[in-house]
Structure formats: structure tokens, C-alpha cells
Amino acid sequence: MSDTPLPQDTPEPETAPTGEPPADEPLAQAMLRRAAAGAADVVDTVTGTPEALYDLTEAVVQQVQRMADAAVQQWRNREAARIRHLHSLNKEPLPNMFDVHPEARSAFRRELGLATIPVEEIWGTAVEGPDQRGRDFLPLPAFRSANWAGRWHRVRQAMADLVTLPPIDVLKAGGGYWVVDGHNRVAAALYAGQLDVDAVVVVVALPGDATDDPAASLAPLRAEAEEMRAAGLGSRMPIPRPARDP
């Protein structure tokens, strides 16, 4: 009986790489392989040729510089447009809280204290009288005296030097804030692009306004204050209190 030769393993023919990942290759692995191949091409291009490497580096630096210059110019254009818009607001008088909310004159007030408030929620002035400021919170041109110009310069310089300015005084009413003192500081914040300012806030309880604490009512506190004031004047007549919610 003769021995039957065993079959020999036939080597598979080599195929040239196609650049496409195998069908079962994970996506992350395929991306990594392609990135490595691209890096190898760059290395092959510049290896042994310092001039080519220098040219490539210089081209990259120039491209980055052009992109940076374009970004800076875009920011400058936006900033210039914002400043032009603020200047245009000075042509319109600043809203007055007592014109918008006449009932604020007799409304109950409560001091909230020091808080940081958004500049965009400061809607106008709480100083009664004729219009003297524009909607950018700067004085109208007719009211820009030399004294004001000096104060305005000092405020802007203090902000540029990162000096902490005193908080402004505002009334909170109708969902916004109204300036009692600190109009120039608000204007400086607007022109500097500042988002928030520190303020001493007094809440004006207008009809329909939501309180900071919905469970609390200002009416009982006001009644107690009136009763204490009456007692101090020698009055023995009880002051009726509003019914409390159960």
C-alpha cells in the first residue's frame, strides 16, 4: 500500500492595497489607519529635504496668521457695529419708570440688598423730571457739560484699570431695573460690553408683579408697620389687617 501525499497549503496571492478598509474593519480603526497613512505620506515628502520642511512650516504659519487676522478683523467689525448702535440710541430719550409705571409713586417698597444684575435688564431711569439722558444712559448732547465729561473719563479709566466701582442704586419694577444713581456706570458697562453690574436693589411692589418669595405677602408686613406707626403717634384705634392665606 503506497503512501498518499498530504495536500500542501497553497499561499494566497498577494493583492495590492486598495486604500479601502476591509468590510469588517471598525470605523474608528479605519479612521486611525487612514490618518497614519496620511502622516506617513507627509513624512515621506519632507524626509531628507530641509528646504521642503521649511516651506511646509512657513505655509502653515502663514495660513494660521491669515485665519487669526480674519478673526480679529471680524471681531473689530462686530464691535464697531455695536458701538454705532449704542450711539444711535442716544437720539432717543431714556424711558422713565414713573412714566411707564405711574403707580410706582405710591407702591410699597422693600429693600432687597446688594445683588449682581444683568445689564440688559436695566430698562431706564427712576429719576423724575425732564428727559436728560438717551437710551445709552449717556446725557443728551445738550446736557454734556465739562463736569460730566471729567466724571465720564474717570469712570472709563477706572474700568480700564480694573478698579471695582461702587454698586449702582436701582428700583426693581415691572420685570426690569430702573436706575436711581449710577447712570454713567451703566453707560460705561454698555460701551465696554459688560454683562453684569453690582447694584443695591429696592423692590417696588407693583400690582401684578411677582414677589421674590411667592409664599410671602407684603400686605401683612405693611399693615404691621402702619399699626406700629399709629401706636407711636398715640393712636389706640386698631388698624384692620388683611386676611392671611391659610
# chains A, B, ... in the order shown; residues from 1 in each chain; ligands from 1

call {"tool": "select_by_dssp", "arguments": {"residues": "stretch 68-118 of chain A", "states": "alpha helix (DSSP H)", "output": "NGL selection string"}}
result
:A and (68-89 or 97-100)

call {"tool": "closest_atom_pairs", "arguments": {"of": "stretch 42-125 of chain A", "to": "stretch 183-187 of chain A", "cutoff": "10 Å", "atoms": "only C-alpha atoms", "output": "JSON lines"}}
result
{"residue": "A:Leu86", "atom": "CA", "partner": "A:Ala187", "partner_atom": "CA", "distance": 9.4}
{"residue": "A:Val119", "atom": "CA", "partner": "A:Val186", "partner_atom": "CA", "distance": 7.3}
{"residue": "A:Ile122", "atom": "CA", "partner": "A:Val186", "partner_atom": "CA", "distance": 8.3}
{"residue": "A:Gly124", "atom": "CA", "partner": "A:His183", "partner_atom": "CA", "distance": 9.1}
{"residue": "A:Thr125", "atom": "CA", "partner": "A:His183", "partner_atom": "CA", "distance": 7.9}

call {"tool": "write_last_selection", "arguments": {"atoms": "N, CA and C atoms", "output": "PDB file, in the first residue's frame"}}
result
ATOM      1  N   LEU A  86     -25.065 101.742  19.799  1.00  0.00           N
ATOM      2  CA  LEU A  86     -25.218 102.445  21.070  1.00  0.00           C
ATOM      3  C   LEU A  86     -25.302 103.952  20.850  1.00  0.00           C
ATOM      4  N   VAL A 119     -27.006  93.637  32.826  1.00  0.00           N
ATOM      5  CA  VAL A 119     -27.086  94.976  32.243  1.00  0.00           C
ATOM      6  C   VAL A 119     -28.278  95.074  31.286  1.00  0.00           C
ATOM      7  N   ILE A 122     -31.595  96.335  32.672  1.00  0.00           N
ATOM      8  CA  ILE A 122     -31.722  97.702  33.182  1.00  0.00           C
ATOM      9  C   ILE A 122     -32.412  98.505  32.085  1.00  0.00           C
ATOM     10  N   GLY A 124     -34.213 101.623  32.263  1.00  0.00           N
ATOM     11  CA  GLY A 124     -34.331 103.075  32.209  1.00  0.00           C
ATOM     12  C   GLY A 124     -33.961 103.725  33.521  1.00  0.00           C
ATOM     13  N   THR A 125     -34.474 104.939  33.713  1.00  0.00           N
ATOM     14  CA  THR A 125     -34.159 105.728  34.893  1.00  0.00           C
ATOM     15  C   THR A 125     -35.350 105.795  35.832  1.00  0.00           C
TER      16      THR A 125
END

call {"tool": "residues_around", "arguments": {"residues": "A:Ala142", "least_positions_apart": "2", "cutoff": "12 Å", "atoms": "only C-alpha atoms", "output": "list in words"}}
result
Asn90, Lys91, Asp131, Gln132, Arg133, Gly134, Leu138, Pro139, Leu140, Arg144, Ser145, Ala146 and Trp148 of chain A

call {"tool": "residues_around", "arguments": {"residues": "A:Met97", "least_positions_apart": "6", "cutoff": "10 Å", "atoms": "only C-alpha atoms", "output": "PyMOL selection string"}}
result
chain A and resi 103-105+123-128+171-174+176-179

call {"tool": "write_last_selection", "arguments": {"atoms": "N, CA and C atoms", "output": "compact mmCIF listing (two decimals), in the first residue's frame"}}
result
# COMPACT_ATOMS: atom_id res chain seq x y z
N GLU A 103 -48.06 104.10 38.82
CA GLU A 103 -48.48 103.57 40.12
C GLU A 103 -47.29 103.32 41.04
N ALA A 104 -46.07 103.38 40.51
CA ALA A 104 -44.88 103.14 41.33
C ALA A 104 -44.69 104.23 42.38
N ARG A 105 -45.26 105.41 42.16
CA ARG A 105 -45.08 106.51 43.12
C ARG A 105 -45.64 106.15 44.49
N TRP A 123 -33.66 98.89 32.34
CA TRP A 123 -34.51 99.42 31.27
C TRP A 123 -34.56 100.94 31.19
N GLY A 124 -34.21 101.62 32.26
CA GLY A 124 -34.33 103.07 32.21
C GLY A 124 -33.96 103.73 33.52
N THR A 125 -34.47 104.94 33.71
CA THR A 125 -34.16 105.73 34.89
C THR A 125 -35.35 105.79 35.83
N ALA A 126 -35.04 105.98 37.11
CA ALA A 126 -36.07 106.19 38.12
C ALA A 126 -35.95 107.58 38.72
N VAL A 127 -35.37 108.50 37.96
CA VAL A 127 -35.25 109.90 38.40
C VAL A 127 -36.30 110.71 37.65
N GLU A 128 -37.21 111.30 38.39
CA GLU A 128 -38.28 112.08 37.75
C GLU A 128 -37.73 113.41 37.24
N LEU A 171 -34.23 100.58 41.30
CA LEU A 171 -35.53 100.08 41.70
C LEU A 171 -35.90 98.94 40.76
N LYS A 172 -36.43 97.87 41.32
CA LYS A 172 -36.88 96.74 40.51
C LYS A 172 -38.39 96.80 40.40
N ALA A 173 -38.88 96.96 39.18
CA ALA A 173 -40.33 97.09 38.98
C ALA A 173 -40.69 96.68 37.56
N GLY A 174 -41.83 96.02 37.42
CA GLY A 174 -42.30 95.66 36.10
C GLY A 174 -41.42 94.69 35.36
N GLY A 176 -38.12 94.71 35.30
CA GLY A 176 -36.81 95.27 34.95
C GLY A 176 -36.27 96.13 36.07
N TYR A 177 -35.11 96.73 35.81
CA TYR A 177 -34.45 97.58 36.80
C TYR A 177 -34.40 99.01 36.27
N TRP A 178 -34.54 99.98 37.20
CA TRP A 178 -34.58 101.39 36.86
C TRP A 178 -33.58 102.13 37.75
N VAL A 179 -32.71 102.91 37.13
CA VAL A 179 -31.56 103.47 37.83
C VAL A 179 -31.95 104.71 38.64

call {"tool": "atom_distance", "arguments": {"atom1": "atom CA of A:Arg154", "atom2": "atom CA of A:Phe137"}}
result
16.3 Å

call {"tool": "atom_distance", "arguments": {"atom1": "atom CA of A:Trp75", "atom2": "atom CA of A:Tyr191"}}
result
15.0 Å

call {"tool": "residues_around", "arguments": {"residues": "A:Ala115", "least_positions_apart": "3", "cutoff": "7 Å", "atoms": "only C-alpha atoms", "output": "JSON, numbers by chain"}}
result
{"A": [198, 199, 200, 201]}

call {"tool": "write_last_selection", "arguments": {"atoms": "N, CA and C atoms", "output": "PDB file, in the first residue's frame"}}
result
ATOM      1  N   ASP A 198     -22.937  95.298  39.740  1.00  0.00           N
ATOM      2  CA  ASP A 198     -23.403  95.193  41.123  1.00  0.00           C
ATOM      3  C   ASP A 198     -24.363  96.348  41.398  1.00  0.00           C
ATOM      4  N   ALA A 199     -25.419  96.036  42.138  1.00  0.00           N
ATOM      5  CA  ALA A 199     -26.439  97.048  42.399  1.00  0.00           C
ATOM      6  C   ALA A 199     -27.083  96.814  43.760  1.00  0.00           C
ATOM      7  N   VAL A 200     -27.467  97.920  44.403  1.00  0.00           N
ATOM      8  CA  VAL A 200     -28.311  97.868  45.590  1.00  0.00           C
ATOM      9  C   VAL A 200     -29.750  97.964  45.100  1.00  0.00           C
ATOM     10  N   VAL A 201     -30.509  96.919  45.327  1.00  0.00           N
ATOM     11  CA  VAL A 201     -31.832  96.773  44.707  1.00  0.00           C
ATOM     12  C   VAL A 201     -32.924  97.030  45.735  1.00  0.00           C
TER      13      VAL A 201
END

call {"tool": "closest_residue", "arguments": {"among": "A:Glu111, A:Asp55, A:Glu121, A:Asp136", "to": "A:Arg84", "atoms": "only C-alpha atoms"}}
result
A:Asp136
